[in-house]
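Visitor: Take a look at the following structure, please.
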Amino acid sequence: WQRLPDPPGESVISFAEIAGVSGRVYAATSNGVWVTNDLQSWIPTGSPVGVQGGEVWLLAGIQDSIDGEILFAANYNLLSRSRDSGRTWKTVKTGISTLFLNGKEVISDSGNALIRSTDWGESWSFIGPMPSVGWYNIVLSSGVFIIAAGDSGVWTMPVSGGTWTRTNYPTWHNAQFVRAVGRNIFAGGQMMDVSTDLGQTWTTPANGGIDTALY
């Protein structure tokens with residue numbers, strides 16, 4: 001491992017890499033969005049419209065063959081879009097807490113439902129309800145939404161929509177985080193468990209018998 005420099009004086013919350021643009025990485029920080037083209041020096045971009053204190057939590061971007069580079073930033077309230085590498089921003093949704101890119105689809109939420117946009121946030125359509133159980137975080141992998149729902153287990157729903165289904169994750173492990181690497185899903189709580197089939201079956205524990213949480 002090699003430690004890379006952080007944006008000067010800022011706390012980095014998350015990163016986004018633009019596929020097809022070599023070396024360019026965006027950072028969501030406590031003071032707006034920063035960009036590096038060489039993984040060594042950082043340049044501040046404009047702050048998304050309406051973001052209080054400039055704090056940004058979620059980033060996602062794509063290099064589209066027709067529309068060029070599209071970047072989205074969210075702070076668990078506002079979803080903003082930039083078409084000029086972060087120099088200017090437009091708010092395209094309010095009251096959100098999630099952000100995914102699924103090809104050319106932008107996926108977010110409206111408080112009680114998951115929604116999608118196929119025109120970069122200009123209009124939105126319904127996918128399915130948000131989970132009826134309390135949940136900690138949500139990921140999207142291989143066309144499936146997966147949530148960690150504490151002692152209610154791990155639940156899934158197809159990205160095409162429908163209803164949520166509880167997997168056979170051992171609920172007493174109290175899943176508080178899920179992370180996805182392709183079809184491999186890692187769930188962390190009292191132990192770290194892994195599923196290689198998008199949550200249908202689980203190996204317990206994934207870490208060889210060490211009780212540990214996943215962060």
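Naming works like this for the structure tokens: A, B, ... for the chains as they're shown, residue 1 at the start of each chain, ligands 1 onward in shown order.
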Write out as a ChimeraX atom specification the set of residues from region 31-126 of chain A that DSSP, computed on the backbone, places in strand (DSSP E or B).
Guide: /A:32-36,43-44,58-64,68-74,78-82,90-94,100-102,105-109,113-117,125-126
Visitor: Tell me which protein, DNA and RNA residues are within 12 Å of Ser108 (chain A), counting only C-alpha atoms, leaving out same-chain ones fewer than 2 positions away, and put them as a short mmCIF file (atom, residue, chain, number, x, y, z; two decimals) with N, CA, C and O atoms, in the first residue's frame.
Guide:
```
data_model
loop_
_atom_site.label_atom_id
_atom_site.label_comp_id
_atom_site.auth_asym_id
_atom_site.auth_seq_id
_atom_site.Cartn_x
_atom_site.Cartn_y
_atom_site.Cartn_z
N LEU A 58 -21.92 11.42 -0.83
CA LEU A 58 -21.97 10.39 -1.86
C LEU A 58 -21.59 10.98 -3.21
O LEU A 58 -22.00 12.10 -3.55
N ALA A 60 -20.96 9.77 -7.55
CA ALA A 60 -21.00 8.76 -8.60
C ALA A 60 -20.86 9.48 -9.93
O ALA A 60 -21.34 10.60 -10.09
N PHE A 72 -22.50 13.07 -10.19
CA PHE A 72 -23.57 13.30 -9.23
C PHE A 72 -22.98 13.36 -7.82
O PHE A 72 -22.06 12.60 -7.49
N ALA A 73 -23.53 14.25 -6.99
CA ALA A 73 -23.09 14.40 -5.60
C ALA A 73 -24.32 14.52 -4.72
O ALA A 73 -25.32 15.14 -5.10
N ALA A 74 -24.26 13.92 -3.52
CA ALA A 74 -25.39 13.96 -2.60
C ALA A 74 -24.89 14.10 -1.18
O ALA A 74 -23.76 13.72 -0.85
N TYR A 76 -27.20 13.28 1.60
CA TYR A 76 -28.33 12.73 2.36
C TYR A 76 -29.47 13.72 2.49
O TYR A 76 -30.25 13.67 3.41
N ASN A 77 -29.55 14.64 1.55
CA ASN A 77 -30.67 15.56 1.47
C ASN A 77 -30.88 15.99 0.02
O ASN A 77 -31.94 15.78 -0.54
N LEU A 78 -29.82 16.53 -0.59
CA LEU A 78 -29.90 17.02 -1.96
C LEU A 78 -29.06 16.16 -2.89
O LEU A 78 -27.96 15.72 -2.55
N LEU A 79 -29.58 15.93 -4.10
CA LEU A 79 -28.83 15.28 -5.17
C LEU A 79 -28.56 16.31 -6.24
O LEU A 79 -29.49 16.93 -6.78
N SER A 80 -27.29 16.52 -6.56
CA SER A 80 -26.88 17.53 -7.53
C SER A 80 -26.13 16.87 -8.68
O SER A 80 -25.49 15.84 -8.52
N VAL A 92 -31.06 18.22 -8.69
CA VAL A 92 -32.04 17.47 -9.47
C VAL A 92 -33.01 16.69 -8.60
O VAL A 92 -34.00 16.17 -9.10
N LYS A 93 -32.75 16.59 -7.29
CA LYS A 93 -33.66 15.86 -6.40
C LYS A 93 -33.39 16.30 -4.97
O LYS A 93 -32.25 16.58 -4.60
N THR A 94 -34.45 16.37 -4.16
CA THR A 94 -34.31 16.68 -2.74
C THR A 94 -34.88 15.53 -1.92
O THR A 94 -35.62 14.68 -2.41
N GLY A 95 -34.51 15.49 -0.63
CA GLY A 95 -35.04 14.49 0.28
C GLY A 95 -34.55 13.09 0.00
O GLY A 95 -35.29 12.12 0.15
N ILE A 96 -33.27 12.94 -0.40
CA ILE A 96 -32.75 11.63 -0.77
C ILE A 96 -31.74 11.14 0.27
O ILE A 96 -31.21 11.91 1.06
N SER A 97 -31.47 9.83 0.25
CA SER A 97 -30.44 9.28 1.14
C SER A 97 -29.58 8.23 0.45
O SER A 97 -28.69 7.67 1.06
N THR A 98 -29.86 7.94 -0.83
CA THR A 98 -29.09 6.93 -1.55
C THR A 98 -28.71 7.46 -2.92
O THR A 98 -29.35 8.38 -3.46
N LEU A 99 -27.68 6.86 -3.53
CA LEU A 99 -27.24 7.24 -4.86
C LEU A 99 -26.49 6.07 -5.49
O LEU A 99 -25.51 5.58 -4.92
N PHE A 100 -26.95 5.63 -6.66
CA PHE A 100 -26.28 4.59 -7.44
C PHE A 100 -26.34 4.96 -8.91
O PHE A 100 -27.28 5.63 -9.36
N LEU A 101 -25.35 4.51 -9.67
CA LEU A 101 -25.44 4.52 -11.13
C LEU A 101 -25.48 3.06 -11.59
O LEU A 101 -24.64 2.26 -11.20
N ASN A 102 -26.48 2.74 -12.40
CA ASN A 102 -26.64 1.40 -12.95
C ASN A 102 -26.62 1.55 -14.47
O ASN A 102 -27.65 1.71 -15.10
N GLU A 105 -28.65 4.49 -15.87
CA GLU A 105 -29.70 4.80 -14.91
C GLU A 105 -29.12 5.44 -13.66
O GLU A 105 -28.10 4.96 -13.13
N VAL A 106 -29.75 6.50 -13.19
CA VAL A 106 -29.45 7.07 -11.87
C VAL A 106 -30.51 6.56 -10.91
O VAL A 106 -31.71 6.65 -11.19
N SER A 110 -36.99 8.53 -2.69
CA SER A 110 -37.87 9.66 -2.39
C SER A 110 -38.39 9.57 -0.96
O SER A 110 -39.51 9.98 -0.67
N GLY A 111 -37.58 8.99 -0.07
CA GLY A 111 -37.99 8.84 1.32
C GLY A 111 -38.61 7.48 1.59
O GLY A 111 -38.14 6.74 2.44
N ASN A 112 -39.66 7.12 0.85
CA ASN A 112 -40.33 5.84 1.08
C ASN A 112 -40.31 4.93 -0.14
O ASN A 112 -40.96 3.89 -0.16
N ALA A 113 -39.57 5.30 -1.19
CA ALA A 113 -39.52 4.48 -2.39
C ALA A 113 -38.18 4.67 -3.09
O ALA A 113 -37.57 5.74 -3.04
N LEU A 114 -37.73 3.61 -3.75
CA LEU A 114 -36.58 3.71 -4.64
C LEU A 114 -37.07 4.19 -6.00
O LEU A 114 -38.12 3.75 -6.48
N ILE A 115 -36.30 5.07 -6.63
CA ILE A 115 -36.71 5.67 -7.90
C ILE A 115 -35.53 5.65 -8.86
O ILE A 115 -34.37 5.55 -8.44
N ARG A 116 -35.84 5.73 -10.17
CA ARG A 116 -34.78 5.75 -11.18
C ARG A 116 -35.01 6.87 -12.17
O ARG A 116 -36.15 7.31 -12.39
N SER A 117 -33.92 7.33 -12.77
CA SER A 117 -33.98 8.33 -13.82
C SER A 117 -33.14 7.84 -15.00
O SER A 117 -32.02 7.35 -14.82
N THR A 118 -33.67 7.96 -16.20
CA THR A 118 -32.94 7.60 -17.41
C THR A 118 -32.54 8.82 -18.22
O THR A 118 -32.05 8.69 -19.34
N TRP A 120 -30.62 11.47 -16.65
CA TRP A 120 -29.64 12.15 -15.77
C TRP A 120 -30.31 13.02 -14.72
O TRP A 120 -29.80 14.07 -14.36
N GLY A 121 -31.46 12.59 -14.20
CA GLY A 121 -32.07 13.27 -13.07
C GLY A 121 -33.15 14.28 -13.40
O GLY A 121 -33.70 14.91 -12.50
N SER A 123 -36.15 13.58 -14.79
CA SER A 123 -37.44 12.99 -14.43
C SER A 123 -37.18 11.65 -13.75
O SER A 123 -36.12 11.03 -13.94
N TRP A 124 -38.17 11.19 -12.95
CA TRP A 124 -37.96 10.00 -12.13
C TRP A 124 -39.17 9.08 -12.21
O TRP A 124 -40.31 9.55 -12.36
N SER A 125 -38.92 7.76 -12.08
CA SER A 125 -40.00 6.78 -12.06
C SER A 125 -39.80 5.82 -10.89
O SER A 125 -38.68 5.64 -10.40
N PHE A 126 -40.87 5.19 -10.48
CA PHE A 126 -40.90 4.33 -9.30
C PHE A 126 -40.27 2.97 -9.61
O PHE A 126 -40.52 2.38 -10.66
N ILE A 127 -39.41 2.46 -8.69
CA ILE A 127 -38.86 1.11 -8.79
C ILE A 127 -39.59 0.19 -7.83
O ILE A 127 -40.14 -0.84 -8.22
N GLY A 128 -39.60 0.56 -6.56
CA GLY A 128 -40.24 -0.25 -5.54
C GLY A 128 -40.17 0.46 -4.21
O GLY A 128 -39.49 1.48 -4.07
N PRO A 129 -40.84 -0.05 -3.20
CA PRO A 129 -40.86 0.60 -1.89
C PRO A 129 -39.50 0.46 -1.20
O PRO A 129 -38.74 -0.48 -1.48
N MET A 130 -39.20 1.38 -0.31
CA MET A 130 -38.08 1.18 0.58
C MET A 130 -38.43 0.06 1.55
O MET A 130 -39.60 -0.24 1.75
N ILE A 138 -27.41 0.25 2.18
CA ILE A 138 -27.93 -0.42 1.00
C ILE A 138 -26.87 -0.39 -0.09
O ILE A 138 -26.15 0.61 -0.23
N VAL A 139 -26.71 -1.49 -0.82
CA VAL A 139 -25.80 -1.55 -1.95
C VAL A 139 -26.54 -2.12 -3.15
O VAL A 139 -27.60 -2.75 -3.01
N LEU A 140 -25.97 -1.90 -4.33
CA LEU A 140 -26.51 -2.44 -5.57
C LEU A 140 -25.41 -3.22 -6.26
O LEU A 140 -24.32 -2.70 -6.49
N PHE A 145 -30.58 -5.10 -5.33
CA PHE A 145 -30.38 -4.28 -4.14
C PHE A 145 -30.21 -5.19 -2.94
O PHE A 145 -30.94 -6.17 -2.79
N VAL A 159 -33.29 -4.99 -9.15
CA VAL A 159 -33.26 -3.59 -9.56
C VAL A 159 -34.43 -3.26 -10.48
O VAL A 159 -34.81 -2.10 -10.64
#
```
Visitor: Would you compute the distance between CA of Met191 (chain A) and CA of Val144 (chain A)? Give it in Å to one decimal.
Guide: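 Distance reported for this atom pair: 22.9 Å.
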Visitor: Could you please determine the separation between CA of Arg87 (chain A) and CA of Ser47 (chain A) in Å, to one decimal place?
Guide: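 Spanning CA of Arg87 (chain A) to CA of Ser47 (chain A) is a straight-line distance of 7.9 Å.
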Visitor: Do you know which residues are at most 7 Å from Gly61 (chain A) counting only C-alpha atoms, after dropping those on the same chain fewer than 2 positions away, and could you put them as a VMD selection string?
Guide: chain A and resid 16 to 18 59 70 to 72
Visitor: Hey, which of A:Ser85, A:Ser132, A:Thr29, A:Ser65 ends up closest to Gly103 (chain A)? Count only C-alpha atoms.
Guide: A:Ser65
Visitor: My list of candidates is A:Gly9, A:Val33, A:Ile66, A:Val154. Which is closest to Arg81 (chain A) when distances are computed with only C-alpha atoms?
Guide: A:Val33
Visitor: Run DSSP on the backbone and give me the residues of region 12-177 of chain A it puts in helix (DSSP H, G or I), as a ChimeraX atom specification.
Guide: /A:52-54,171-173
Visitor: Those selected residues, please, written with N, CA, C and O atoms and delivered as a CSV table (one decimal), in the first residue's frame.
Guide:
```csv
chain,number,residue,atom,x,y,z
A,52,GLN,N,-25.2,22.5,2.6
A,52,GLN,CA,-24.8,23.3,3.7
A,52,GLN,C,-23.4,23.0,4.2
A,52,GLN,O,-23.0,21.9,4.4
A,53,GLY,N,-22.6,24.1,4.3
A,53,GLY,CA,-21.2,23.9,4.7
A,53,GLY,C,-20.4,23.2,3.7
A,53,GLY,O,-19.2,22.9,4.0
A,54,GLY,N,-20.9,22.9,2.5
A,54,GLY,CA,-20.2,22.3,1.5
A,54,GLY,C,-20.0,20.8,1.7
A,54,GLY,O,-19.3,20.2,0.9
A,171,THR,N,-29.9,-14.0,11.5
A,171,THR,CA,-30.2,-12.7,12.1
A,171,THR,C,-29.5,-12.3,13.3
A,171,THR,O,-29.4,-11.2,13.6
A,172,TRP,N,-29.1,-13.3,14.1
A,172,TRP,CA,-28.5,-13.0,15.4
A,172,TRP,C,-27.1,-12.4,15.2
A,172,TRP,O,-26.4,-12.0,16.1
A,173,HIS,N,-26.6,-12.4,13.9
A,173,HIS,CA,-25.3,-11.8,13.6
A,173,HIS,C,-25.5,-10.3,13.5
A,173,HIS,O,-24.5,-9.5,13.4
```
Visitor: Name the residues in contact with Thr36 (chain A) at a cut-off of 9 Å, using only C-alpha atoms, excluding same-chain residues fewer than 2 positions from it; report them as a PyMOL selection string.
Guide: chain A and resi 7+23-27+34+38-43
Visitor: Restricting the calculation to only C-alpha atoms: of A:Ile107, A:Val56, A:Met157, A:Ile147, which residue gets closest to Arg179 (chain A)?
Guide: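 For Arg179 (chain A), the nearest of the candidates is A:Ile147.
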Visitor: Figure out the distance between CA of Trp164 (chain A) and CA of Thr204 (chain A), please, to one decimal in Å.
Guide: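 A separation of 22.7 Å between them.
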Visitor: Residues of region 65-161 of chain A within 9 Å of region 184-188 of chain A: nearest atom pair and distance (Å, one decimal) for each, counting only C-alpha atoms, sorted by chain and number, as JSON lines?
Guide:
```
{"residue": "A:Ser141", "atom": "CA", "partner": "A:Ile185", "partner_atom": "CA", "distance": 8.6}
{"residue": "A:Ile146", "atom": "CA", "partner": "A:Ile185", "partner_atom": "CA", "distance": 8.5}
{"residue": "A:Ala148", "atom": "CA", "partner": "A:Ala187", "partner_atom": "CA", "distance": 7.3}
{"residue": "A:Val154", "atom": "CA", "partner": "A:Ala187", "partner_atom": "CA", "distance": 8.0}
```
Visitor: For each of A:Pro170, A:Ala175, A:Gly199, A:Asp67, take the minimum atom-to-atom distance to Thr156 (chain A), counting only C-alpha atoms, then give the residue where this is smallest.
Guide: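 Nearest to Thr156 (chain A): A:Gly199.
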